[in-house]
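See below for the structure under consideration.
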Amino acid sequence: MPELPEVETVVRDLRLSLVGRRLTGIRTSSRPLRVKWSPDWEPCLVGRQVSTIRRRGKWILIDLAPTGLFVIHLGMTGQLTVVSRAKPAENHVHLEVDLDDGVDLLRYRDIRRFGSAVYYADESAWSDGRVEDLGPEPFDLTPRYFREMLAATSRCLKAILLDQRAVAGVGNIYADESLFAARLDPRGRGCDLKPRRAERLRTAIAAVLKRAIESRGATIKDFVGGSGLKGGYQNEFTVYGRTGQPCRSCGRPIECMRLAGRSTHWCPNCQDE
DNA sequence: ACAGGATCCTGGGGGC
DNA sequence: TGCCCCCAGGATCCTG
């Protein structure tokens with residue numbers, strides 16, 4: 001579920017409540033996440049202190065001191081929050097980490113269990129793993145990289161934006177929203193995109209994501225930030241989930257088609273290039 | 001290289 | 001009210 005803006009929101013929230021805290025205890029559910037929990041990780045986590053929290057694509061990286069890296073992916077329905085120990089656990093809670101203030105805990109809840117929480121000795125152990133190579137962050141895309149990456153593939157724009165190797169962090173919502181903002185047909189091929197239009201797409205992606213982060217991401221059903229607050233960007237969607245509703249630009253109905261295996265929302269009238 | 005499908009899961013909504 | 005089918009923000013594996 002969560003894409004870059006939602007993961008960034010969680011990371012920013014957790015920085016406030018988690019950095020500097022020592023982990024004092026861990027409880028896990030018996031039901032496995034995408035990666036099964038290893039009991040070997042527990043002694044690696046307990047007693048260590050959270051030094052920094054970072055985001056890479058849709059991955060949450062929690063750096064530990066003196067060593068260690070705790071990597072969490074929210075999958076489709078993951079919720080990572082710091083809550084009071086007094087708050088009763090909802091269903092589908094799969095991981096709880098006690099904090100050294102004796103009051104709060106870090107809680108991971110995930111209805112569909114597509115997410116993961118894995119300990120690694122260091123960052124190379126994570127990046128060298130079966131995780132496919134992540135592309136650049138959307139805010140770090142250079143015009144040249146983006147132009148050449150597009151020119152090298154005959155895949156359609158929608159499929160390219162969803163590919164984490166091309167750009168890290170964009171998912172179905174923000175792919176559709178970015179293509180509308182750039183007024184580009186999601187079916188267009190990367191190698192057919194003229195440089196001016198490639199540049200339009202590059203800046204549209206950054207602008208859409210920046211605006212979504214400012215709104216604390218989008219909550220369709222399950223997403224909450226690290227403090228439990230919902231996002232607000234769903235109120236600004238131009239095409240995603242608006243099938244049949246009037247385009248905010250031209251008034252004609254938004255359409256939905258299947259592309260790269262995903263629902264793709266667009267305005268055939270406005271996205272004509 | 002790439003498209004398409006299936007898989008891992010649960011829950012919600014629509015149709016009947 | 002219930003049942004069945006389809007759908008969902010992701011990553012990954014497999015086939016053709």
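Ligands are numbered from 1 in the order shown, residues from 1 within each chain, and chains are lettered A, B, ... in the order they appear in the structure tokens.
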
Mind dumping a table of every region 181-262 of chain A residue within 12 Å of region 1-12 of chain B, with the nearest atom pair and its distance in Å to one decimal, using only C-alpha atoms (C1' of nucleotides), sorted by chain and rising number, as a tab-separated table?
residue	atom	partner	partner_atom	distance
A:Lys221	CA	B:DG12	C1'	9.9
A:Asp222	CA	B:DG11	C1'	10.9
A:Arg258	CA	B:DG4	C1'	11.3
A:Leu259	CA	B:DA3	C1'	9.9
A:Ala260	CA	B:DA3	C1'	7.6
A:Gly261	CA	B:DG4	C1'	7.3
A:Arg262	CA	B:DG4	C1'	11.1

Task: Members of region 49-245 of chain A assigned strand (DSSP E or B) by DSSP, as a ChimeraX atom specification - done: /A:49-56,59-65,69-73,78-84,93-99,104-110,116-120,156,189,243

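Residue-level contacts from chain A to chain B at 9 Å, counting only C-alpha atoms (C1' of nucleotides), read Arg34, Ile111, Arg112, Arg113, Phe114, Thr153, Ser154, Arg155, Ala260 and Gly261 of chain A.
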
Using only C-alpha atoms (C1' of nucleotides), find which residues of chain C lie within 12 Å of chain A and jot them down as a compact mmCIF listing (two decimals) with N, CA, C and O atoms (P, O5', C5', C4', C3', O3' and C1' of nucleotides), in the first residue's frame.
# COMPACT_ATOMS: atom_id res chain seq x y z
P DC C 7 -11.37 -8.00 -10.93
O5' DC C 7 -10.88 -6.91 -9.88
C5' DC C 7 -11.75 -5.87 -9.46
C4' DC C 7 -11.23 -5.29 -8.16
C3' DC C 7 -9.72 -5.16 -8.14
O3' DC C 7 -9.34 -3.81 -8.43
C1' DC C 7 -10.59 -6.06 -6.08
P DA C 8 -7.76 -3.53 -8.70
O5' DA C 8 -7.20 -3.23 -7.24
C5' DA C 8 -7.65 -2.09 -6.51
C4' DA C 8 -7.03 -2.11 -5.13
C3' DA C 8 -5.55 -2.49 -5.13
O3' DA C 8 -4.74 -1.32 -5.28
C1' DA C 8 -6.74 -3.66 -3.42
P DG C 9 -3.76 -1.21 -6.54
O5' DG C 9 -2.48 -0.44 -6.00
C5' DG C 9 -2.60 0.66 -5.16
C4' DG C 9 -1.25 1.15 -4.72
C3' DG C 9 -0.27 0.07 -4.30
O3' DG C 9 1.04 0.63 -4.26
C1' DG C 9 -1.27 1.03 -2.41
P DG C 10 2.16 -0.22 -4.99
O5' DG C 10 2.34 -1.49 -4.03
C5' DG C 10 2.84 -1.33 -2.72
C4' DG C 10 3.99 -2.30 -2.48
C3' DG C 10 5.03 -2.38 -3.60
O3' DG C 10 6.29 -2.55 -3.00
C1' DG C 10 4.01 -4.48 -3.36
P DA C 11 7.62 -2.51 -3.87
O5' DA C 11 8.07 -4.03 -3.95
C5' DA C 11 8.41 -4.67 -2.72
C4' DA C 11 8.65 -6.14 -2.94
C3' DA C 11 9.70 -6.50 -3.97
O3' DA C 11 10.55 -7.45 -3.36
C1' DA C 11 7.69 -7.66 -4.42
P DT C 12 11.83 -8.02 -4.10
O5' DT C 12 11.31 -9.40 -4.71
C5' DT C 12 10.74 -10.35 -3.83
C4' DT C 12 10.27 -11.53 -4.64
C3' DT C 12 11.23 -11.94 -5.75
O3' DT C 12 11.41 -13.33 -5.66
C1' DT C 12 9.05 -11.77 -6.58
P DC C 13 12.71 -14.02 -6.23
O5' DC C 13 12.10 -15.32 -6.90
C5' DC C 13 11.02 -15.98 -6.25
C4' DC C 13 10.14 -16.64 -7.29
C3' DC C 13 10.91 -17.20 -8.48
O3' DC C 13 10.59 -18.57 -8.67
C1' DC C 13 9.08 -15.88 -9.21

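Our summary of the geometry notes that CA of Glu273 (chain A) is positioned 6.7 Å from CA of Arg183 (chain A).
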
Open item on the list: If you run DSSP on the backbone here, which positions in region 29-258 of chain A get alpha helix (DSSP H)? Please write them as a ChimeraX atom specification.
Closed with: /A:42-45,123-127,143-151,157-162,172-181,195-214

- [ ] Do a neighbour search on Val10 (chain A) at 8 Å with only C-alpha atoms (C1' of nucleotides), toss out local chain neighbours closer than 5 positions, and write the hits as a list in words.
- [x]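 In the requested format, the answer is Leu80, Thr81, Val224, Gly225, Gly226 and Ser227 of chain A.
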
TODO: Grab the CA of Ala125 (chain A) to CA of Val97 (chain A) distance for me, in Å with one decimal place.
DONE: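 Separation of CA of Ala125 (chain A) and CA of Val97 (chain A): 22.3 Å.
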
Non-local contacts of Ala151 (chain A) (9 Å; only C-alpha atoms (C1' of nucleotides); under 2 positions in same chain excluded) as a tab-separated table (two decimals) with C-alpha atoms, in the first residue's frame:
chain	number	residue	atom	x	y	z
A	146	PHE	CA	16.18	9.83	-16.78
A	147	ARG	CA	16.40	10.53	-20.50
A	148	GLU	CA	18.85	7.71	-21.14
A	149	MET	CA	17.02	5.23	-18.94
A	153	THR	CA	13.61	0.54	-23.08
A	154	SER	CA	10.56	-0.18	-25.19
A	189	ARG	CA	6.99	3.66	-24.87
A	190	GLY	CA	10.04	4.91	-23.04
A	191	CYS	CA	12.18	4.93	-26.19
A	192	ASP	CA	9.59	7.02	-28.04
A	193	LEU	CA	9.54	9.81	-25.47
A	194	LYS	CA	11.08	13.04	-26.72

- [ ] Identify, on the basis of only C-alpha atoms (C1' of nucleotides), every residue whose closest approach to Val19 (chain A) does not exceed 12 Å; exclude the query and any residue fewer than 4 positions from it along the same chain; express the result as a PyMOL selection string.
- [x] chain A and resi 11-15+23+48-54+62-65+82+99-100+106

Based on the selection just made, write C-alpha atoms of those residues as a PDB file, in the first residue's frame.
ATOM      1  CA  VAL A  11      10.139   7.819   8.766  1.00  0.00           C
ATOM      2  CA  ARG A  12       9.786  11.492   9.737  1.00  0.00           C
ATOM      3  CA  ASP A  13       7.359  10.628  12.525  1.00  0.00           C
ATOM      4  CA  LEU A  14       9.543   7.842  13.873  1.00  0.00           C
ATOM      5  CA  ARG A  15      12.615  10.074  13.944  1.00  0.00           C
ATOM      6  CA  LEU A  23      15.435  -1.349  22.536  1.00  0.00           C
ATOM      7  CA  ARG A  48      20.966  -1.592  21.043  1.00  0.00           C
ATOM      8  CA  GLN A  49      20.126   2.032  20.502  1.00  0.00           C
ATOM      9  CA  VAL A  50      18.434   3.673  17.521  1.00  0.00           C
ATOM     10  CA  SER A  51      20.923   6.091  15.994  1.00  0.00           C
ATOM     11  CA  THR A  52      19.254   7.196  12.741  1.00  0.00           C
ATOM     12  CA  ILE A  53      16.204   6.384  10.651  1.00  0.00           C
ATOM     13  CA  ARG A  54      16.333   6.620   6.877  1.00  0.00           C
ATOM     14  CA  ILE A  62      16.691   1.858  11.221  1.00  0.00           C
ATOM     15  CA  ASP A  63      20.388   2.190  12.079  1.00  0.00           C
ATOM     16  CA  LEU A  64      21.424   0.752  15.424  1.00  0.00           C
ATOM     17  CA  ALA A  65      24.350   1.581  17.700  1.00  0.00           C
ATOM     18  CA  VAL A  82       5.301   4.293  18.286  1.00  0.00           C
ATOM     19  CA  LEU A  99      11.657   1.117  24.449  1.00  0.00           C
ATOM     20  CA  ASP A 100      13.856   2.195  27.334  1.00  0.00           C
ATOM     21  CA  LEU A 106       7.312   0.317  18.524  1.00  0.00           C
TER      22      LEU A 106
END

- [ ] Could you tell me which of A:His265, A:Arg202, A:Arg85, A:Arg56 comes closest to Tyr240 (chain A) if we count only C-alpha atoms?
- [x] A:His265

Task: Distance in Å - CA of Leu201 (chain A) versus CA of Leu150 (chain A) - done: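 Rounded to one decimal, the two atoms are 10.7 Å apart.
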